[in-house]
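Note sheet for the following structure.
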Amino acid sequence: MWLISKSNLIAFDSSSRNTWTTAEDTCEHFGGHLVVIEDNDEDSFIRMFIERSLKLSNYDVNERIFHYTWIGASDLAKEGNWLWVTSKPVGMYTNWRGLGPNNAHHGSHTEDCMDWSFGGWNDNDCATNLNFVCEIESNGIP
Ligand SMILES: [Ca+2]
Ligand SMILES: [Ca+2]
């Protein structure tokens with residue numbers, strides 16, 4: 001499913017789950033990147049977009065609070081230093097859920113990749129297979 005947001009294209013495929021790095025590679029394959037959310041308007045748009053996509057695919061929206069989706073930020077380069085895939089720092093606008101990133105350990109992994117849910121953003125294990133949202137900026141469309 002593709003939608004226009006502020007002249008950018010947004011895509012979400014509820015049937016496809018990947019690790020964060022594979023998700024980013026997939027978005028780049030289409031000339032974009034994992035979605036970057038820089039203000040409340042964009043966050044609201046993504047919420048509406050994911051909700052609509054899930055409904056179209058008959059996902060049980062009652063379970064939506066548990067539905068985590070990769071978006072384009074990580075602290076892979078330096079722990080605690082959250083950057084969007086566009087290299088801009090995360091910080092002007094944030095919507096962390098709970099107390100924010102906790103870098104919780106799952107086995108040998110830490111949490112360095114950002115997921116989005118209806119409850120807000122979270123740091124998650126980058127190797128987790130999640131749905132993801134791509135964004136193609138309008139100047140990236142051939
Ligand atoms: Ca981390
Ligand atoms: Ca976490």
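Residue numbering restarts at 1 in every chain; chains get A, B, ... in the order shown in the structure tokens, and ligands count up from 1 in that same order.
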
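Neighbouring residues of ligand 2 at a cut-off of 6 Å, counting only C-alpha atoms and all ligand atoms, are Pro101, Asn102, Asn103, Ala104, Asn122, Asp123 and Asn124 of chain A.
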
#### Entry: Cut-off 7 Å, only C-alpha atoms and all ligand atoms, neighbours of ligand 1 as number ranges by chain
A: 75-76, 79-80, 103, 110-112, 123

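Restricting the calculation to only C-alpha atoms, the smallest distance between A:Asn8 and any of A:Ala77, A:Val36, A:Leu83, A:Leu99 is found for A:Val36.
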
DSSP-assigned helix (DSSP H, G or I) members of chain A, reported as a PDB file with C-alpha atoms, in the first residue's frame:
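What landed in result_22.pdb:
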ATOM      1  CA  TRP A  20      15.849  -3.748  10.724  1.00  0.00           C
ATOM      2  CA  THR A  21      18.874  -3.823   8.390  1.00  0.00           C
ATOM      3  CA  THR A  22      17.088  -5.933   5.767  1.00  0.00           C
ATOM      4  CA  ALA A  23      14.057  -3.647   6.037  1.00  0.00           C
ATOM      5  CA  GLU A  24      16.284  -0.602   5.408  1.00  0.00           C
ATOM      6  CA  ASP A  25      17.960  -2.392   2.461  1.00  0.00           C
ATOM      7  CA  THR A  26      14.514  -3.201   1.049  1.00  0.00           C
ATOM      8  CA  CYS A  27      13.425   0.444   1.280  1.00  0.00           C
ATOM      9  CA  GLU A  28      16.699   1.553  -0.357  1.00  0.00           C
ATOM     10  CA  HIS A  29      16.070  -0.921  -3.177  1.00  0.00           C
ATOM     11  CA  ASN A  40       3.714  15.155  15.435  1.00  0.00           C
ATOM     12  CA  ASP A  41       1.925  15.552  12.090  1.00  0.00           C
ATOM     13  CA  GLU A  42       4.075  12.854  10.523  1.00  0.00           C
ATOM     14  CA  ASP A  43       3.634  10.608  13.549  1.00  0.00           C
ATOM     15  CA  SER A  44      -0.154  11.005  13.309  1.00  0.00           C
ATOM     16  CA  PHE A  45      -0.032  10.321   9.590  1.00  0.00           C
ATOM     17  CA  ILE A  46       1.967   7.110  10.146  1.00  0.00           C
ATOM     18  CA  ARG A  47      -0.528   6.031  12.820  1.00  0.00           C
ATOM     19  CA  MET A  48      -3.456   6.554  10.467  1.00  0.00           C
ATOM     20  CA  PHE A  49      -1.564   4.874   7.635  1.00  0.00           C
ATOM     21  CA  ILE A  50      -0.615   1.754   9.604  1.00  0.00           C
ATOM     22  CA  GLU A  51      -4.083   1.438  11.090  1.00  0.00           C
ATOM     23  CA  ARG A  52      -5.662   1.627   7.643  1.00  0.00           C
ATOM     24  CA  SER A  53      -3.145  -0.853   6.190  1.00  0.00           C
ATOM     25  CA  LEU A  54      -3.785  -3.329   8.998  1.00  0.00           C
ATOM     26  CA  LYS A  55      -7.547  -3.061   8.548  1.00  0.00           C
ATOM     27  CA  LEU A  56      -7.208  -3.678   4.802  1.00  0.00           C
ATOM     28  CA  VAL A  61      -6.830  -4.177  15.225  1.00  0.00           C
ATOM     29  CA  ASN A  62      -7.683  -5.101  18.808  1.00  0.00           C
ATOM     30  CA  GLU A  63      -4.138  -6.486  18.944  1.00  0.00           C
ATOM     31  CA  ARG A  64      -2.671  -3.328  17.440  1.00  0.00           C
ATOM     32  CA  ILE A  65      -0.984  -2.144  20.603  1.00  0.00           C
ATOM     33  CA  PHE A  66       1.322  -5.144  20.273  1.00  0.00           C
ATOM     34  CA  SER A 138       9.670  13.135  -3.610  1.00  0.00           C
ATOM     35  CA  ASN A 139      13.080  14.153  -4.968  1.00  0.00           C
ATOM     36  CA  GLY A 140      13.986  10.445  -4.993  1.00  0.00           C
TER      37      GLY A 140
END

### Query
Pick the closest to A:Cys126 from A:Ser74, A:Asn81, A:Ser108, A:Asn95: which is it, counting only C-alpha atoms?
A:Ser74
